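Asker: Structure file run_38.csv, CSV, C-alpha atoms, is pasted below:
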chain,number,residue,atom,x,y,z
A,147,MET,CA,14.9,-21.2,22.2
A,148,ASN,CA,16.6,-19.6,19.2
A,149,ASN,CA,14.1,-17.6,17.1
A,150,THR,CA,16.8,-16.2,14.8
A,151,ARG,CA,16.0,-16.7,11.1
A,152,GLU,CA,18.8,-17.2,8.5
A,153,VAL,CA,19.0,-15.8,5.0
A,154,ASP,CA,21.7,-14.9,2.6
A,155,VAL,CA,20.8,-11.2,2.2
A,156,VAL,CA,18.7,-8.7,4.2
A,157,VAL,CA,17.5,-5.6,2.4
A,158,ILE,CA,16.6,-2.7,4.8
A,159,GLY,CA,14.3,-0.2,3.3
A,160,ALA,CA,11.8,-0.5,0.4
A,161,GLY,CA,12.1,2.8,-1.3
A,162,GLN,CA,13.6,3.2,-4.8
A,163,ALA,CA,17.1,1.9,-3.8
A,164,GLY,CA,15.8,-1.1,-1.7
A,165,LEU,CA,13.3,-2.2,-4.4
A,166,ALA,CA,16.0,-1.9,-7.1
A,167,GLY,CA,18.2,-4.1,-5.0
A,168,ALA,CA,15.4,-6.7,-4.3
A,169,TYR,CA,14.6,-6.8,-8.0
A,170,HIS,CA,18.2,-7.6,-9.0
A,171,LEU,CA,18.4,-10.2,-6.3
A,172,ARG,CA,15.2,-11.8,-7.6
A,173,ARG,CA,16.4,-11.6,-11.2
A,174,THR,CA,19.7,-13.4,-10.4
A,175,GLY,CA,18.0,-16.3,-8.7
A,176,PHE,CA,17.6,-15.3,-5.1
A,177,GLU,CA,14.2,-16.3,-3.7
A,178,PRO,CA,12.3,-13.9,-1.4
A,179,GLU,CA,11.8,-15.2,2.1
A,180,ARG,CA,14.1,-18.2,1.4
A,181,ASP,CA,17.4,-16.4,0.3
A,182,PHE,CA,16.6,-12.8,1.1
A,183,VAL,CA,14.1,-10.7,2.9
A,184,VAL,CA,13.1,-7.0,2.5
A,185,LEU,CA,12.3,-5.1,5.7
A,186,ASP,CA,10.5,-1.8,5.6
A,187,HIS,CA,9.5,0.4,8.6
A,188,ALA,CA,6.9,2.3,6.6
A,189,PRO,CA,3.2,1.3,7.0
A,190,ALA,CA,2.6,0.9,3.2
A,191,PRO,CA,4.5,0.8,-0.1
A,192,GLY,CA,5.9,4.1,-1.4
A,193,GLY,CA,9.1,4.7,0.5
A,194,ALA,CA,9.5,8.3,1.7
A,195,TRP,CA,7.3,9.5,-1.2
A,196,GLN,CA,4.1,8.4,0.8
A,197,PHE,CA,4.9,11.1,3.4
A,198,ARG,CA,5.3,14.1,1.0
A,199,TRP,CA,2.9,17.0,1.2
A,200,PRO,CA,-0.3,16.8,-0.9
A,201,SER,CA,0.5,19.9,-3.0
A,202,LEU,CA,3.7,18.3,-4.3
A,203,THR,CA,2.0,16.9,-7.4
A,204,TYR,CA,3.6,14.4,-9.7
A,205,GLY,CA,4.1,17.1,-12.4
A,206,LYS,CA,6.3,19.0,-10.0
A,207,VAL,CA,8.6,16.1,-9.3
A,208,HIS,CA,11.8,16.4,-11.4
A,209,GLY,CA,14.1,13.4,-12.2
A,210,MET,CA,11.8,10.6,-11.0
A,211,HIS,CA,13.2,7.6,-12.9
A,212,ALA,CA,11.4,4.3,-13.2
A,213,LEU,CA,12.3,1.3,-11.2
A,214,PRO,CA,14.2,-1.4,-13.2
A,215,GLY,CA,12.0,-3.7,-15.2
A,216,MET,CA,8.7,-1.7,-15.0
A,217,GLU,CA,8.0,1.8,-16.4
A,218,LEU,CA,5.7,4.3,-14.7
A,219,THR,CA,3.3,5.2,-17.4
A,220,ASP,CA,0.2,7.4,-17.8
A,221,ALA,CA,0.6,9.1,-14.4
A,222,ASP,CA,-1.6,12.2,-14.0
A,223,PRO,CA,0.7,15.1,-13.4
A,224,ALA,CA,-2.0,16.9,-11.3
A,225,ARG,CA,-2.2,14.0,-8.7
A,226,PRO,CA,-0.2,14.1,-5.5
A,227,SER,CA,3.2,12.5,-6.0
A,228,ALA,CA,2.6,10.6,-2.7
A,229,GLU,CA,-0.4,8.8,-4.3
A,230,VAL,CA,1.1,8.2,-7.8
A,231,ILE,CA,4.4,6.8,-6.6
A,232,ALA,CA,2.9,4.8,-3.7
A,233,GLU,CA,0.6,3.0,-6.2
A,234,TYR,CA,3.5,2.4,-8.6
A,235,PHE,CA,5.7,0.9,-5.8
A,236,ALA,CA,2.9,-1.3,-4.6
A,237,ALA,CA,2.3,-2.6,-8.2
A,238,TYR,CA,6.0,-3.2,-8.5
A,239,GLU,CA,6.2,-5.2,-5.3
A,240,ARG,CA,3.3,-7.3,-6.6
A,241,ALA,CA,4.6,-7.7,-10.1
A,242,PHE,CA,8.0,-9.1,-8.9
A,243,ASP,CA,6.7,-10.9,-5.8
A,244,LEU,CA,9.1,-9.1,-3.5
A,245,ARG,CA,7.2,-9.9,-0.3
A,246,VAL,CA,8.2,-6.8,1.6
A,247,ARG,CA,7.7,-7.2,5.4
A,248,ARG,CA,6.2,-4.1,7.0
A,249,PRO,CA,6.0,-2.4,9.3
A,250,VAL,CA,9.3,-3.7,10.6
A,251,GLU,CA,11.6,-1.4,12.6
A,252,VAL,CA,15.3,-2.3,12.4
A,253,LYS,CA,16.8,-1.5,15.7
A,254,ALA,CA,20.5,-2.5,15.3
A,255,VAL,CA,22.9,-4.5,13.1
A,256,ARG,CA,25.6,-6.3,15.0
A,257,GLU,CA,28.4,-8.8,14.4
A,258,GLY,CA,27.1,-12.4,14.7
A,259,GLU,CA,28.8,-15.7,14.7
A,260,GLY,CA,30.5,-17.5,11.8
A,261,GLY,CA,31.0,-14.3,9.8
A,262,ARG,CA,27.3,-13.4,9.8
A,263,LEU,CA,25.5,-10.2,10.7
A,264,LEU,CA,22.6,-10.1,13.1
A,265,VAL,CA,19.8,-7.7,12.2
A,266,GLU,CA,17.7,-7.0,15.3
A,267,THR,CA,14.2,-5.8,14.5
A,268,SER,CA,10.7,-5.3,15.9
A,269,ASP,CA,9.8,-8.6,14.2
A,270,GLY,CA,12.7,-10.7,15.6
A,271,THR,CA,16.3,-11.2,14.6
A,272,TRP,CA,17.7,-12.1,11.2
A,273,SER,CA,21.1,-13.7,10.6
A,274,THR,CA,22.5,-12.8,7.2
A,275,ARG,CA,25.7,-13.2,5.2
A,276,ALA,CA,25.2,-9.8,3.4
A,277,LEU,CA,23.3,-6.6,3.9
A,278,ILE,CA,21.9,-4.0,1.5
A,279,ASN,CA,21.1,-0.9,3.5
A,280,ALA,CA,18.6,1.4,1.7
A,281,THR,CA,17.2,3.5,4.5
A,282,GLY,CA,17.5,6.8,2.8
A,283,THR,CA,17.3,10.1,4.7
A,284,TRP,CA,13.7,11.0,5.3
A,285,ASP,CA,13.8,9.8,8.9
A,286,ARG,CA,16.6,12.1,9.8
A,287,PRO,CA,15.6,15.7,9.1
A,288,PHE,CA,18.4,18.1,9.8
A,289,TRP,CA,17.6,21.0,12.2
A,290,PRO,CA,20.3,23.6,12.5
A,291,ARG,CA,20.7,25.3,15.9
A,292,TYR,CA,20.7,29.1,16.2
A,293,PRO,CA,20.8,31.3,19.3
A,294,GLY,CA,17.4,32.1,20.7
A,295,GLN,CA,15.7,29.2,18.9
A,296,GLU,CA,13.9,28.0,22.0
A,297,THR,CA,12.5,31.4,22.7
A,298,PHE,CA,10.5,31.7,19.5
A,299,ARG,CA,6.8,31.9,20.3
A,300,GLY,CA,5.6,30.9,16.8
A,301,ARG,CA,5.7,27.6,15.0
A,302,GLN,CA,8.9,25.9,13.8
A,303,LEU,CA,8.6,22.9,11.4
A,304,HIS,CA,10.8,21.0,9.0
A,305,THR,CA,10.1,20.1,5.3
A,306,ALA,CA,9.4,16.6,6.6
A,307,GLN,CA,6.4,18.0,8.4
A,308,TYR,CA,5.2,20.5,5.8
A,309,PRO,CA,1.4,20.0,5.3
A,310,GLY,CA,1.0,22.2,2.2
A,311,PRO,CA,0.5,26.0,1.8
A,312,GLU,CA,-3.1,26.5,3.0
A,313,GLU,CA,-2.2,26.1,6.6
A,314,PHE,CA,-0.1,29.2,6.5
A,315,ALA,CA,-2.7,31.6,5.2
A,316,GLY,CA,-2.2,35.1,6.6
A,317,LEU,CA,1.0,34.2,8.5
A,318,ARG,CA,4.5,35.6,8.1
A,319,VAL,CA,6.8,32.8,7.2
A,320,VAL,CA,10.6,32.6,7.2
A,321,VAL,CA,11.9,29.8,4.9
A,322,VAL,CA,15.4,28.6,5.6
A,323,GLY,CA,17.3,26.7,3.0
A,324,GLY,CA,18.6,27.1,-0.6
A,325,GLY,CA,17.6,23.7,-2.1
A,326,ALA,CA,14.7,22.6,-4.3
A,327,SER,CA,12.3,22.2,-1.3
A,328,GLY,CA,12.9,25.7,0.0
A,329,THR,CA,12.2,27.3,-3.4
A,330,GLN,CA,9.1,25.1,-3.9
A,331,HIS,CA,7.8,26.0,-0.4
A,332,LEU,CA,8.3,29.7,-1.1
A,333,MET,CA,6.5,29.6,-4.5
A,334,GLU,CA,3.6,27.7,-3.0
A,335,LEU,CA,3.3,29.9,0.1
A,336,ALA,CA,3.4,33.3,-1.7
A,337,PRO,CA,-0.3,33.4,-2.6
A,338,TYR,CA,-1.4,32.4,0.9
A,339,ALA,CA,1.1,33.9,3.4
A,340,ALA,CA,1.0,37.5,4.6
A,341,ALA,CA,4.7,37.7,3.9
A,342,THR,CA,7.6,35.3,3.1
A,343,THR,CA,11.3,35.8,3.8
A,344,TRP,CA,13.9,33.5,2.2
A,345,VAL,CA,17.3,33.0,4.0
A,346,THR,CA,20.2,30.8,3.1
A,347,ARG,CA,23.7,30.3,4.4
A,348,ARG,CA,25.2,30.5,0.9
A,349,PRO,CA,23.9,32.4,-2.1
A,350,PRO,CA,21.8,30.0,-4.2
A,351,VAL,CA,23.3,28.8,-7.5
A,352,PHE,CA,20.8,28.7,-10.4
A,353,ARG,CA,21.7,26.5,-13.3
A,354,GLU,CA,21.0,27.6,-16.9
A,355,GLY,CA,20.4,25.2,-19.7
A,356,PRO,CA,19.4,21.5,-19.7
A,357,PHE,CA,20.4,19.0,-17.1
A,358,THR,CA,22.4,16.7,-19.5
A,359,GLU,CA,23.8,13.3,-18.7
A,360,ASP,CA,27.3,14.8,-18.6
A,361,VAL,CA,26.2,17.4,-16.1
A,362,GLY,CA,24.6,14.7,-14.0
A,363,ARG,CA,27.7,12.4,-14.1
A,364,ALA,CA,30.0,15.2,-13.1
A,365,ALA,CA,27.8,16.1,-10.1
A,366,VAL,CA,27.6,12.5,-9.0
A,367,ALA,CA,31.4,12.1,-9.4
A,368,LEU,CA,31.9,15.0,-6.9
A,369,VAL,CA,29.7,13.4,-4.3
A,370,GLU,CA,31.3,10.0,-5.0
A,371,GLU,CA,34.7,11.4,-4.3
A,372,ARG,CA,33.6,12.5,-0.8
A,373,VAL,CA,32.4,9.0,0.2
A,374,ARG,CA,35.5,7.4,-1.3
A,375,GLN,CA,37.5,9.6,1.1
A,376,GLY,CA,35.2,8.6,4.0
A,377,LEU,CA,33.6,12.1,4.4
A,378,PRO,CA,29.9,12.6,5.1
A,379,PRO,CA,28.1,12.8,1.7
A,380,ARG,CA,26.7,16.0,0.4
A,381,SER,CA,23.4,15.9,-1.6
A,382,VAL,CA,23.6,15.6,-5.4
A,383,VAL,CA,21.5,18.8,-5.6
A,384,SER,CA,24.2,20.7,-3.6
A,385,VAL,CA,26.6,20.3,-6.5
A,386,THR,CA,24.1,20.6,-9.4
A,387,GLY,CA,22.5,23.9,-8.5
A,388,LEU,CA,18.8,24.8,-9.0
A,389,PRO,CA,17.3,24.6,-12.4
A,390,LEU,CA,16.4,28.1,-13.7
A,391,ASN,CA,13.0,27.3,-15.3
A,392,ASP,CA,10.1,29.7,-16.1
A,393,ALA,CA,8.5,29.3,-12.7
A,394,ILE,CA,11.7,30.2,-10.9
A,395,ARG,CA,12.3,33.1,-13.2
A,396,GLN,CA,8.8,34.5,-12.5
A,397,ALA,CA,9.3,34.0,-8.7
A,398,ILE,CA,12.6,35.9,-8.9
A,399,ALA,CA,10.9,38.7,-10.9
A,400,ASP,CA,8.0,38.8,-8.4
A,401,GLY,CA,10.4,39.1,-5.5
A,402,VAL,CA,9.3,35.8,-4.0
A,403,LEU,CA,12.8,34.3,-4.4
A,404,ASP,CA,14.6,37.3,-2.9
A,405,ARG,CA,17.4,35.6,-0.9
A,406,GLN,CA,18.6,37.1,2.3
A,407,PRO,CA,21.8,36.0,4.1
A,408,MET,CA,21.3,33.8,7.1
A,409,PHE,CA,20.0,35.5,10.2
A,410,ASP,CA,22.2,35.6,13.3
A,411,ARG,CA,19.7,34.8,16.0
A,412,ILE,CA,16.0,34.0,16.6
A,413,THR,CA,13.9,36.2,18.9
A,414,PRO,CA,10.5,35.5,20.4
A,415,ASP,CA,8.7,37.2,17.5
A,416,GLY,CA,11.1,36.7,14.6
A,417,VAL,CA,14.7,36.8,13.4
A,418,ASP,CA,17.6,39.3,13.8
A,419,TRP,CA,20.7,40.1,11.9
A,420,ASP,CA,23.8,41.6,13.5
A,421,ASP,CA,23.5,44.7,11.3
A,422,GLY,CA,20.3,45.6,13.1
A,423,ARG,CA,17.7,44.2,10.7
A,424,HIS,CA,14.7,42.3,12.1
A,425,VAL,CA,11.9,40.4,10.4
A,426,ASP,CA,8.7,39.5,12.3
A,427,ALA,CA,7.7,35.9,11.9
A,428,ASP,CA,4.8,33.6,12.9
A,429,VAL,CA,6.5,30.5,11.4
A,430,ILE,CA,10.0,29.4,10.7
A,431,LEU,CA,10.1,26.6,8.0
A,432,TRP,CA,13.4,24.7,8.0
A,433,ALA,CA,14.0,23.4,4.5
A,434,THR,CA,17.5,22.4,5.6
A,435,GLY,CA,17.7,18.9,4.2
A,436,PHE,CA,18.3,15.5,5.7
A,437,ARG,CA,21.1,13.2,6.9
A,438,ALA,CA,21.6,9.5,6.2
A,439,ALA,CA,19.4,7.3,8.4
A,440,ILE,CA,22.1,4.8,9.4
A,441,ASP,CA,22.1,4.9,13.2
A,442,HIS,CA,21.2,1.2,13.3
A,443,LEU,CA,24.6,0.4,11.9
A,444,ALA,CA,26.4,2.1,14.8
A,445,PRO,CA,27.3,-1.1,16.6
A,446,LEU,CA,29.5,-2.1,13.6
A,447,LYS,CA,31.6,1.1,14.0
A,448,LEU,CA,31.8,1.8,10.2
A,449,ARG,CA,32.5,5.5,10.4
A,450,GLY,CA,36.0,6.6,9.8
A,451,PRO,CA,38.0,9.6,11.1
A,452,GLY,CA,36.5,11.8,8.4
A,453,GLY,CA,33.0,11.3,10.0
A,454,GLY,CA,31.5,9.4,7.1
A,455,ILE,CA,31.5,5.8,5.9
A,456,ARG,CA,34.2,5.1,3.3
A,457,LEU,CA,32.7,3.4,0.2
A,458,GLU,CA,34.0,1.8,-3.0
A,459,GLY,CA,31.0,2.0,-5.2
A,460,THR,CA,28.3,0.9,-2.9
A,461,ARG,CA,30.5,-1.4,-0.8
A,462,VAL,CA,31.6,-0.4,2.7
A,463,VAL,CA,35.4,-0.6,2.5
A,464,ALA,CA,35.7,-1.6,6.2
A,465,ASP,CA,33.1,-4.4,5.8
A,466,PRO,CA,32.5,-5.9,2.3
A,467,ARG,CA,29.4,-7.7,3.5
A,468,ILE,CA,27.6,-4.3,3.7
A,469,HIS,CA,26.4,-2.1,0.8
A,470,LEU,CA,24.9,1.3,1.2
A,471,VAL,CA,22.5,2.1,-1.7
A,472,GLY,CA,20.6,5.3,-2.0
A,473,TYR,CA,23.4,6.9,0.0
A,474,GLY,CA,25.7,9.7,-1.2
A,475,PRO,CA,26.2,9.4,-5.0
A,476,SER,CA,23.3,6.9,-5.4
A,477,ALA,CA,20.8,9.1,-3.5
A,478,SER,CA,19.1,10.1,-6.8
A,479,THR,CA,16.4,7.9,-8.3
A,480,ILE,CA,18.5,6.9,-11.3
A,481,GLY,CA,21.5,6.4,-9.0
A,482,ALA,CA,19.5,4.2,-6.7
A,483,ASN,CA,18.7,1.9,-9.7
A,484,ARG,CA,22.3,1.5,-10.7
A,485,ALA,CA,23.4,1.1,-7.1
A,486,GLY,CA,21.0,-1.8,-6.5
A,487,ARG,CA,22.4,-3.6,-9.5
A,488,ALA,CA,26.0,-3.0,-8.5
A,489,ALA,CA,25.4,-4.1,-4.9
A,490,VAL,CA,23.8,-7.4,-6.0
A,491,ARG,CA,26.7,-8.1,-8.4
A,492,ASP,CA,29.2,-7.6,-5.6
A,493,ILE,CA,27.2,-9.7,-3.1
A,494,ARG,CA,26.9,-12.6,-5.5
A,495,ARG,CA,30.7,-12.7,-5.8
A,496,LEU,CA,31.1,-12.4,-2.0
A,497,LEU,CA,28.6,-15.3,-1.4
A,498,ALA,CA,30.3,-17.4,-4.0
A,499,GLY,CA,33.7,-16.9,-2.4
A,500,GLU,CA,35.0,-15.0,-5.4
A,501,PRO,CA,37.3,-12.0,-5.2
A,502,VAL,CA,35.2,-8.7,-5.0
A,503,ALA,CA,36.1,-6.3,-7.8
A,504,VAL,CA,38.0,-3.2,-6.6
Let me see whether you can do it: turn the structure in this file into structure tokens.

Answerer:
Amino acid sequence: MNNTREVDVVVIGAGQAGLAGAYHLRRTGFEPERDFVVLDHAPAPGGAWQFRWPSLTYGKVHGMHALPGMELTDADPARPSAEVIAEYFAAYERAFDLRVRRPVEVKAVREGEGGRLLVETSDGTWSTRALINATGTWDRPFWPRYPGQETFRGRQLHTAQYPGPEEFAGLRVVVVGGGASGTQHLMELAPYAAATTWVTRRPPVFREGPFTEDVGRAAVALVEERVRQGLPPRSVVSVTGLPLNDAIRQAIADGVLDRQPMFDRITPDGVDWDDGRHVDADVILWATGFRAAIDHLAPLKLRGPGGGIRLEGTRVVADPRIHLVGYGPSASTIGANRAGRAAVRDIRRLLAGEPVAV
């Protein structure tokens, strides 16, 4: 008995990028459940935001752009961003009747028959003519490896597991990572921890002045060039630098953001440098970013010799049926909106048998 269900488009993921794609499908005449389906492995609406730590309030979130067709208004900046954005995404799904199926785990995407793709999930198999992959990065936290890591007697955790600063009261914390999460963690931990140490592989780059559209476009262009060449994407933040606002300036003046070079090894009670320095630590907090969660696409062998998936816009060059949104240059919230629209425009041409724009 064949339980495979057929649709024209499967959207994997219901974060910002997936919902933007679903909106544009709906807006251009695709019916949910009949023509397309949205599969999300999270237990509730909100994408990765629902898993963020409670102390990350909405007022601390920079660059959160509204989903297409519905503004986020009157949000209390003091409320946890997890609550604010989860409620907004839930209202959005209802408003546009997107009928997201959850929790559904996508296990693998394989070649099917008749030019179709098979999407194997915890809720059965879907056969589709096109795929919008919007799985983001939250499920693939990146943990670097350092000598002695397994000997550390304290606690090691990643940003993805960060519970908020209160849990670290009276502890000595080493924070690893030069991005926005690392600096936020340090500023939050400083009033609670017995001591904090900030280490990064490269000196942090602080950006003066406003983050204009031109600056944003230039940063996205640098990331876009990497995926066009088939290289693994870098984050947009890695090329924009950190905004030098009043809170950052104060933290630098107070010595909270006093960056040290990366340690050379981890010991049972802390970290060591080759020059003889040692810092005692109870906790190592790895604010070392994330990688694209695309292991389910492995059966299609999309990765090129450069280690990444070569894209033209959002379209996978090796397989024009597949679009990656919220990946590389579209990993920002505004980029995800634009990527969802571009992917649907391409998919409509593909399904109509028209040439896909290059």

Asker: Around the point (10.1, 21.6, 7.3), in the coordinates given by the file, pick out the residues reaching within 10 Å, counting only C-alpha atoms, and return them as a PyMOL selection string.

Answerer: chain A and resi 287-289+302-309+321-323+327-328+331+430-435

Asker: Distance atom CA of A:Arg405-atom CA of A:Trp344, one decimal place?

Answerer: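 Spanning atom CA of A:Arg405 to atom CA of A:Trp344 is a straight-line distance of 5.1 Å.
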
Asker: With a cut-off of 9 Å, could you pull out the residues of stretch 411-450 of chain A touching stretch 463-476 of chain A and give me the nearest pair of atoms for each, distance in Å to one decimal, using all atoms listed in the file, ordered by chain and ascending number, as JSON lines?

Answerer:
{"residue": "A:Ala438", "atom": "CA", "partner": "A:Tyr473", "partner_atom": "CA", "distance": 7.0}
{"residue": "A:Leu446", "atom": "CA", "partner": "A:Asp465", "partner_atom": "CA", "distance": 8.9}
{"residue": "A:Leu448", "atom": "CA", "partner": "A:Ala464", "partner_atom": "CA", "distance": 6.5}
{"residue": "A:Arg449", "atom": "CA", "partner": "A:Ala464", "partner_atom": "CA", "distance": 8.8}
{"residue": "A:Gly450", "atom": "CA", "partner": "A:Ala464", "partner_atom": "CA", "distance": 9.0}

Asker: Determine, counting only C-alpha atoms, which protein, DNA and RNA residues have an atom within 9 Å of an atom of A:Tyr204; residues of the same chain fewer than 3 positions away are not included. Present the result as a short mmCIF file (atom, residue, chain, number, x, y, z; two decimals) with C-alpha atoms, in the frame of the given file.

Answerer:
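So the final result, stored in result.cif, reads:
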data_model
loop_
_atom_site.label_atom_id
_atom_site.label_comp_id
_atom_site.auth_asym_id
_atom_site.auth_seq_id
_atom_site.Cartn_x
_atom_site.Cartn_y
_atom_site.Cartn_z
CA VAL A 207 8.60 16.10 -9.30
CA HIS A 208 11.80 16.40 -11.40
CA ALA A 221 0.60 9.10 -14.40
CA ASP A 222 -1.60 12.20 -14.00
CA PRO A 223 0.70 15.10 -13.40
CA ALA A 224 -2.00 16.90 -11.30
CA ARG A 225 -2.20 14.00 -8.70
CA PRO A 226 -0.20 14.10 -5.50
CA SER A 227 3.20 12.50 -6.00
CA ALA A 228 2.60 10.60 -2.70
CA GLU A 229 -0.40 8.80 -4.30
CA VAL A 230 1.10 8.20 -7.80
CA ILE A 231 4.40 6.80 -6.60
#

Asker: Quick one: everything within 10 Å of A:His424, counting all atoms listed in the file, minus sequence neighbours fewer than 2 positions away in the same chain. Send it as a ChimeraX atom specification.

Answerer: /A:409,411-413,415-422,426-427

Asker: Which value, in Å to one decimal, gives the distance between atom CA of A:Gly193 and atom CA of A:Ala166?

Answerer: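 Going from atom CA of A:Gly193 over to atom CA of A:Ala166, I get 12.2 Å.
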
Asker: Would you work out the distance separating atom CA of A:Asn279 from atom CA of A:Leu202, expressed in Å to one decimal?

Answerer: 27.1 Å

Asker: Applying 8 Å and only C-alpha atoms, which residues near A:Gln406 remain after dropping the ones on its own chain fewer than 4 positions away? List them as a list in words.

Answerer: Thr343, Trp344, Val345 and Thr346 of chain A

Asker: For A:Gln162, list every protein, DNA or RNA residue within 9 Å, evaluated using all atoms listed in the file, and leave out those in the same chain fewer than 4 positions away; present the list as a PyMOL selection string.

Answerer: chain A and resi 166-167+192-193+212-213+235+280+472+479-480+482-483

Asker: Rank nothing, just name the residue among A:Gly325, A:Asp392, A:Phe182, A:Arg374 nearest to A:Arg461, using only C-alpha atoms.

Answerer: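 Closest to A:Arg461 of all the choices is A:Arg374.
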
Asker: With all atoms listed in the file as the basis for distance, which of A:Ala163, A:Val246, A:Val320, A:Val402 is at the shortest distance from A:Ala194?

Answerer: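 Of A:Ala163, A:Val246, A:Val320, A:Val402, the one nearest A:Ala194 is A:Ala163, counting all atoms listed in the file.
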
Asker: Determine the nearest neighbour of A:Arg172 from the options A:Arg494, A:Gly316, A:Thr329, A:Glu500, counting only C-alpha atoms.

Answerer: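 Closest residue, counting only C-alpha atoms: A:Arg494.
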
Asker: Considering only C-alpha atoms, can you say which of A:Gly481, A:Val351, A:Glu239, A:Ala488 comes closest to A:His211?

Answerer: A:Gly481

Asker: With only C-alpha atoms as the basis for distance, which of A:Thr267, A:Thr274, A:Thr150, A:Gln295 is at the shortest distance from A:Arg248?

Answerer: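 Using only C-alpha atoms, the shortest distance to A:Arg248 belongs to A:Thr267.
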
Asker: Could you check the closest approach to A:Ala393 for each of A:Pro451, A:Arg291, A:Gly310, A:Lys206 and tell me which residue wins, using only C-alpha atoms?

Answerer: A:Lys206
